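See structure below.
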Amino acid sequence: MMAEPDDFLRAVEAALFVAELPMTPMELRMHVGEGDLDATLAMLTEQYAGRGINLVERGGRWHFQTAPDLAHILRREKDEPRKLSRAAMETLAIIAYHEPVSRAEIEAIRGVQVAKGTLDVLMESGWVRPAGRREVPGRPLIYATSVDFLTHFGLASRRDLPGMDDLRAAGLLDPVDLALEGLGGQSVLENDEEEA
Amino acid sequence: MMAEPDDFLRAVEAALFVAELPMTPMELRMHVGEGDLDATLAMLTEQYAGRGINLVERGGRWHFQTAPDLAHILRREKDEPRKLSRAAMETLAIIAYHEPVSRAEIEAIRGVQVAKGTLDVLMESGWVRPAGRREVPGRPLIYATSVDFLTHFGLASRRDLPGMDDLRAAGLLDPVDLALEGLGGQSVLENDEEEA
Amino acid sequence: MDEDLFAPPAIFAPDILTVSFDSWEGPLDLLLTLARGQKVDLREISILALTEQYLDFIEGARQLKLELAADYLVMAAWLAYLKSSLLLPRQEQAEPSPEELALRLQLRLQRLHAMREAGARLMARDRIGRDVFRRRKPEGLRLVRKAQWQASLYDLIQAYGQIRARTQPVVHTIAVRPVMTLDEAIQRVGALVGVAIEWTQLEAFLPDDLDPPKAKSALASSFVAALELARQGRLEIQQDGIFQPIYLRASVPGARGDLL
């Protein structure tokens, strides 16, 4: 490794190594004291890049984890995370890409009711959390993803959600009504006529 | 860190990182497969020397651990203001008014047993100190207050503690029958005389 | 494994309708599966063709007497209406236009499809515990809280007061109440009435400067003493009416009874 890591870097490295949970810079600072934490975290990230262990940031919290390509040698049978149902996966994706979102809004996209257990499973996993109420009649609960969601799926932030920019640019995250306005009532019959 | 760690080294590094217990080379090999394990362990040891995390061998088993000089950051002390429990407060009061007293004597005055933890807390607070043993059968430890006690409570000496008359005037003896005044005042007085 | 999750069920062609409708999560899901069967971008999808496919599919299911949930039939009815509207000459179309309804359906299918793909991509990421691992037994950072005990002098003396209040044996002392005994009163009234020739009010026989409680007791005792002395013939009592002042005087020998 590089010569002579300074004591502050060594302290940050050790603290992250023993930490039970990913740590915010503020939590880290409670243990390691004064120093240029941002620069140190950046330096550690760089030093560990390409190694068997990597330092990563997820939702503002930092942790060491093994490199993804080594999964096959490290995975144990009991490690397999619980498989989500298709409904749960879709619901999770809708919450993540649209958050905060109400149950009715999820149902509008999926075309079916959200089964009782689906949101429960997602909340129990710690990936989804209630995020207040929407100030519309009925004040429905709205849901959002958690920091644990980002950590679990390896996302530094919601901006890193796969395809987020493309989906937004294509208007696919807008409600149908809004998209319809944008299209100005353009006909789809053209397609059918062409085909006929 | 050093450029381009090879995949075998990365695998050993990651396997040791996630391991629940220190690993023998044989256990390691079950995960990482073929390769020059001895040389790799030696290289990792060298790469991590001087960092916040070190690779160490103990009795033929390998594991990562934080550098010994960083132990202090893993266990950080934080002062936390706490209120004394009622039992501790009462015990402290009895020691202050009657010192030196044995635990049995405190119990006789309180009319309730004194848990061992209560005296421990008072000693930890620095307000109470052991003051030798009483020369009676069993030679019980006796307790007295400390200089810290006087400092903390803003007393020049124990004589500044309000006497029974003061307590009564302040309503602190309610709802005791007035007939008690003689008894209470007397016992405090005896003590004060002893001390003098 | 995750990649296959959103592939259409292999049995969507109407001629091999051995399908259970449990395979779909409602009509929109079925429509999306059929739409993807068109193998074109969803933006290019022919809603008319899709409608035909769906209606054929439902018809096939009904011929096989498969149990169909109501919402599949509602969708079928709606699509049948949409189809006929789309085929009508344009001027006869109602509001909202069938084109708009078709476009809405297309947009919904696009959105559902986008979220389905997003979900699959999310699941395929390097996930903790499956693809990347944290330490299984981290030692943990400990924050040892050192108690900074707090207590005020008031707390201390209050505690002591409470102990004394709680633990001292309770002794009941009956206070000596300030009274004038009957014997005292007889002596006093007897002595004083000897010099009283004229009628004198009972209160005059009481000592001065008594506390109110003792004064009451003295009055009562003196009255009873007066009765006793009258019985002995040593004094006379006179009262003009109920609650009127009571007068005493030494008895005049021989005159006894004249005044009563």
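We label chains A, B, ... in the order they appear in the structure tokens, count residues from 1 in each chain, and number ligands from 1 in the order shown.
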Could you list, as a ChimeraX atom specification, every residue of chain B that has an atom within 7 Å of an atom of chain A, counting only C-alpha atoms?
/B:1-2,5,10-11,13-15,31-32,47-48,50-53,66,70,73-74,76
List every residue of chain B that has an atom at most 7 Å from any atom of chain C, and for each one report the closest atom pair and its distance in Å to one decimal, counting only C-alpha atoms, with rows sorted by chain and then by increasing residue number, as a Markdown table.
```
| residue | atom | partner | partner_atom | distance |
| --- | --- | --- | --- | --- |
| B:Phe17 | CA | C:Arg135 | CA | 6.0 |
| B:Val18 | CA | C:Arg135 | CA | 4.2 |
| B:Ala19 | CA | C:Arg136 | CA | 6.4 |
| B:Glu20 | CA | C:Lys137 | CA | 5.2 |
| B:Leu74 | CA | C:Leu141 | CA | 4.9 |
| B:Arg75 | CA | C:Arg142 | CA | 4.7 |
| B:Arg76 | CA | C:Leu143 | CA | 4.9 |
| B:Glu77 | CA | C:Val144 | CA | 4.6 |
| B:Lys78 | CA | C:Arg145 | CA | 4.9 |
| B:Asp79 | CA | C:Lys146 | CA | 4.8 |
| B:Glu80 | CA | C:Ala147 | CA | 5.0 |
| B:Pro81 | CA | C:Gln148 | CA | 4.4 |
| B:Arg82 | CA | C:Trp149 | CA | 5.0 |
| B:Lys83 | CA | C:Gln150 | CA | 4.9 |
| B:Leu84 | CA | C:Trp149 | CA | 6.2 |
| B:Met89 | CA | C:Leu156 | CA | 6.2 |
| B:Glu90 | CA | C:Ala159 | CA | 5.1 |
| B:Ala93 | CA | C:Tyr160 | CA | 5.4 |
| B:Ile94 | CA | C:Tyr160 | CA | 6.6 |
| B:Arg110 | CA | C:Ile163 | CA | 5.9 |
| B:Gly111 | CA | C:Thr167 | CA | 6.1 |
| B:Ser125 | CA | C:Trp149 | CA | 6.1 |
| B:Phe153 | CA | C:Leu153 | CA | 5.3 |
| B:Leu167 | CA | C:Gly161 | CA | 6.6 |
| B:Leu172 | CA | C:Gly161 | CA | 5.1 |
| B:Leu173 | CA | C:Gly161 | CA | 5.1 |
| B:Asp174 | CA | C:Ala165 | CA | 6.4 |
| B:Pro175 | CA | C:Ala165 | CA | 6.5 |
| B:Val176 | CA | C:Ala165 | CA | 5.3 |
| B:Asp177 | CA | C:Val170 | CA | 6.8 |
| B:Ala179 | CA | C:Val171 | CA | 6.7 |
```
Just to be explicit: take each residue in the selection above, keep N, CA and C atoms, and write the result as a compact mmCIF listing (two decimals), in the first residue's frame.
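Result file again.txt:
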```txt
# COMPACT_ATOMS: atom_id res chain seq x y z
N PHE B 17 -11.78 -10.45 5.15
CA PHE B 17 -12.57 -9.29 5.57
C PHE B 17 -13.95 -9.71 6.09
N VAL B 18 -14.60 -10.63 5.38
CA VAL B 18 -15.96 -10.99 5.80
C VAL B 18 -15.99 -12.06 6.89
N ALA B 19 -14.86 -12.78 7.08
CA ALA B 19 -14.86 -13.93 7.97
C ALA B 19 -15.36 -13.59 9.37
N GLU B 20 -16.15 -14.50 9.92
CA GLU B 20 -16.64 -14.28 11.28
C GLU B 20 -15.56 -14.56 12.31
N LEU B 74 -12.02 3.23 19.09
CA LEU B 74 -13.08 2.23 19.00
C LEU B 74 -13.92 2.24 20.26
N ARG B 75 -13.37 2.82 21.28
CA ARG B 75 -14.07 2.86 22.55
C ARG B 75 -13.97 4.29 23.03
N ARG B 76 -14.99 5.06 22.76
CA ARG B 76 -14.90 6.47 23.05
C ARG B 76 -15.77 6.78 24.25
N GLU B 77 -15.21 7.54 25.17
CA GLU B 77 -16.00 7.87 26.35
C GLU B 77 -16.72 9.18 26.14
N LYS B 78 -17.89 9.21 26.67
CA LYS B 78 -18.67 10.42 26.52
C LYS B 78 -19.34 10.72 27.86
N ASP B 79 -19.15 11.93 28.33
CA ASP B 79 -19.80 12.31 29.58
C ASP B 79 -21.29 12.48 29.33
N GLU B 80 -22.04 11.92 30.23
CA GLU B 80 -23.48 12.01 30.07
C GLU B 80 -24.10 12.41 31.40
N PRO B 81 -24.72 13.55 31.42
CA PRO B 81 -25.31 13.97 32.69
C PRO B 81 -26.43 13.02 33.10
N ARG B 82 -26.40 12.59 34.35
CA ARG B 82 -27.46 11.69 34.82
C ARG B 82 -27.86 12.08 36.22
N LYS B 83 -29.11 11.90 36.50
CA LYS B 83 -29.60 12.21 37.84
C LYS B 83 -29.41 11.00 38.73
N LEU B 84 -29.05 11.25 39.98
CA LEU B 84 -28.93 10.15 40.93
C LEU B 84 -30.31 9.56 41.18
N MET B 89 -29.66 8.97 46.23
CA MET B 89 -29.76 10.28 46.87
C MET B 89 -29.95 10.13 48.37
N GLU B 90 -30.82 9.22 48.75
CA GLU B 90 -31.09 9.01 50.18
C GLU B 90 -29.86 8.47 50.90
N ALA B 93 -27.44 11.15 51.39
CA ALA B 93 -27.88 12.06 52.45
C ALA B 93 -27.56 11.47 53.82
N ILE B 94 -27.82 10.18 53.97
CA ILE B 94 -27.56 9.54 55.27
C ILE B 94 -26.06 9.55 55.58
N ARG B 110 -32.47 4.21 56.84
CA ARG B 110 -33.38 4.30 55.69
C ARG B 110 -34.62 3.44 55.88
N GLY B 111 -34.44 2.34 56.65
CA GLY B 111 -35.54 1.41 56.81
C GLY B 111 -35.72 0.54 55.58
N SER B 125 -19.25 8.31 41.64
CA SER B 125 -19.49 9.75 41.51
C SER B 125 -18.38 10.55 42.18
N PHE B 153 -21.56 20.22 46.28
CA PHE B 153 -22.79 20.76 46.88
C PHE B 153 -22.58 22.16 47.45
N LEU B 167 -34.68 22.00 58.35
CA LEU B 167 -35.45 21.10 57.48
C LEU B 167 -36.93 21.26 57.79
N LEU B 172 -39.62 20.22 55.04
CA LEU B 172 -39.05 18.98 54.51
C LEU B 172 -39.29 17.80 55.43
N LEU B 173 -39.82 18.08 56.61
CA LEU B 173 -40.08 16.96 57.51
C LEU B 173 -41.55 16.57 57.52
N ASP B 174 -42.38 17.31 56.81
CA ASP B 174 -43.79 16.95 56.75
C ASP B 174 -43.89 15.59 56.10
N PRO B 175 -44.84 14.74 56.44
CA PRO B 175 -45.91 15.04 57.40
C PRO B 175 -45.67 14.36 58.73
N VAL B 176 -44.52 14.52 59.29
CA VAL B 176 -44.22 13.84 60.54
C VAL B 176 -44.87 14.55 61.71
N ASP B 177 -45.25 13.76 62.70
CA ASP B 177 -45.84 14.32 63.92
C ASP B 177 -44.83 15.27 64.57
N ALA B 179 -44.24 15.70 67.48
CA ALA B 179 -43.56 15.09 68.62
C ALA B 179 -42.19 14.54 68.24
```
Chain A: residues DSSP assigns to strand (DSSP E), reported as a ChimeraX atom specification:
/A:53-58,61-66,101-102,128-133,141-145
Near-Leu122 of chain B list (12 Å; only C-alpha atoms; drop same-chain fewer than 2 positions) as a ChimeraX atom specification
/B:83-93,95-96,114-120,124-130,143-146,148-149 /C:147-151
Output the selection as a PDB file, in the first residue's frame - C-alpha atoms for each residue.
```pdb
ATOM      1  CA  LYS B  83     -29.595  12.210  37.836  1.00  0.00           C
ATOM      2  CA  LEU B  84     -28.935  10.154  40.934  1.00  0.00           C
ATOM      3  CA  SER B  85     -31.623   7.624  41.701  1.00  0.00           C
ATOM      4  CA  ARG B  86     -33.767   8.236  44.716  1.00  0.00           C
ATOM      5  CA  ALA B  87     -32.105   5.365  46.571  1.00  0.00           C
ATOM      6  CA  ALA B  88     -28.676   6.813  45.840  1.00  0.00           C
ATOM      7  CA  MET B  89     -29.756  10.284  46.865  1.00  0.00           C
ATOM      8  CA  GLU B  90     -31.093   9.008  50.176  1.00  0.00           C
ATOM      9  CA  THR B  91     -28.022   6.934  50.847  1.00  0.00           C
ATOM     10  CA  LEU B  92     -25.809   9.889  50.105  1.00  0.00           C
ATOM     11  CA  ALA B  93     -27.878  12.059  52.447  1.00  0.00           C
ATOM     12  CA  ILE B  95     -23.822   9.273  54.784  1.00  0.00           C
ATOM     13  CA  ALA B  96     -23.555  13.044  54.771  1.00  0.00           C
ATOM     14  CA  VAL B 114     -29.177  -0.592  50.296  1.00  0.00           C
ATOM     15  CA  ALA B 115     -28.281  -2.317  47.048  1.00  0.00           C
ATOM     16  CA  LYS B 116     -24.601  -2.790  46.418  1.00  0.00           C
ATOM     17  CA  GLY B 117     -24.918  -0.880  43.163  1.00  0.00           C
ATOM     18  CA  THR B 118     -26.125   2.162  45.040  1.00  0.00           C
ATOM     19  CA  LEU B 119     -22.920   2.525  47.028  1.00  0.00           C
ATOM     20  CA  ASP B 120     -20.929   1.761  43.863  1.00  0.00           C
ATOM     21  CA  GLU B 124     -18.061   6.267  41.217  1.00  0.00           C
ATOM     22  CA  SER B 125     -19.493   9.750  41.508  1.00  0.00           C
ATOM     23  CA  GLY B 126     -16.551  10.552  43.749  1.00  0.00           C
ATOM     24  CA  TRP B 127     -18.748  11.913  46.517  1.00  0.00           C
ATOM     25  CA  VAL B 128     -18.419   8.968  48.855  1.00  0.00           C
ATOM     26  CA  ARG B 129     -15.274   7.224  49.980  1.00  0.00           C
ATOM     27  CA  PRO B 130     -14.588   4.216  52.178  1.00  0.00           C
ATOM     28  CA  TYR B 143     -18.339   5.276  54.447  1.00  0.00           C
ATOM     29  CA  ALA B 144     -17.883   9.005  54.535  1.00  0.00           C
ATOM     30  CA  THR B 145     -18.227  11.894  52.117  1.00  0.00           C
ATOM     31  CA  SER B 146     -15.294  13.301  50.190  1.00  0.00           C
ATOM     32  CA  ASP B 148     -15.552  16.464  46.076  1.00  0.00           C
ATOM     33  CA  PHE B 149     -18.858  16.092  47.840  1.00  0.00           C
TER      34      PHE B 149
ATOM     35  CA  ALA C 147     -22.192   9.129  33.917  1.00  0.00           C
ATOM     36  CA  GLN C 148     -21.821  12.660  35.098  1.00  0.00           C
ATOM     37  CA  TRP C 149     -23.898  12.439  38.225  1.00  0.00           C
ATOM     38  CA  GLN C 150     -26.025  15.386  39.002  1.00  0.00           C
ATOM     39  CA  ALA C 151     -27.645  16.272  42.291  1.00  0.00           C
TER      40      ALA C 151
END
```
Using DSSP on the backbone coordinates, identify all residues within segment 110-144 of chain B classified as helix (DSSP H, G or I); present the result as JSON, numbers by chain.
{"B": [110, 116, 117, 118, 119, 120, 121, 122, 123, 124, 125]}
Quick one: residues within 10 Å of Gln187 of chain C, only C-alpha atoms, excluding same-chain residues fewer than 4 positions away - as a ChimeraX atom specification?
/C:182-183,191-192,222,225,229
Compile the contact shell of Glu95 of chain C as a list in words: residues with an atom at most 12 Å away, counting only C-alpha atoms, same-chain residues fewer than 6 positions apart removed.
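Returned residues: Leu82, Ser85 and Leu101 of chain C.
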Using Å and a single decimal, report how far atom CA of Leu48 of chain C sits from atom CA of Ala76 of chain C.
12.8 Å
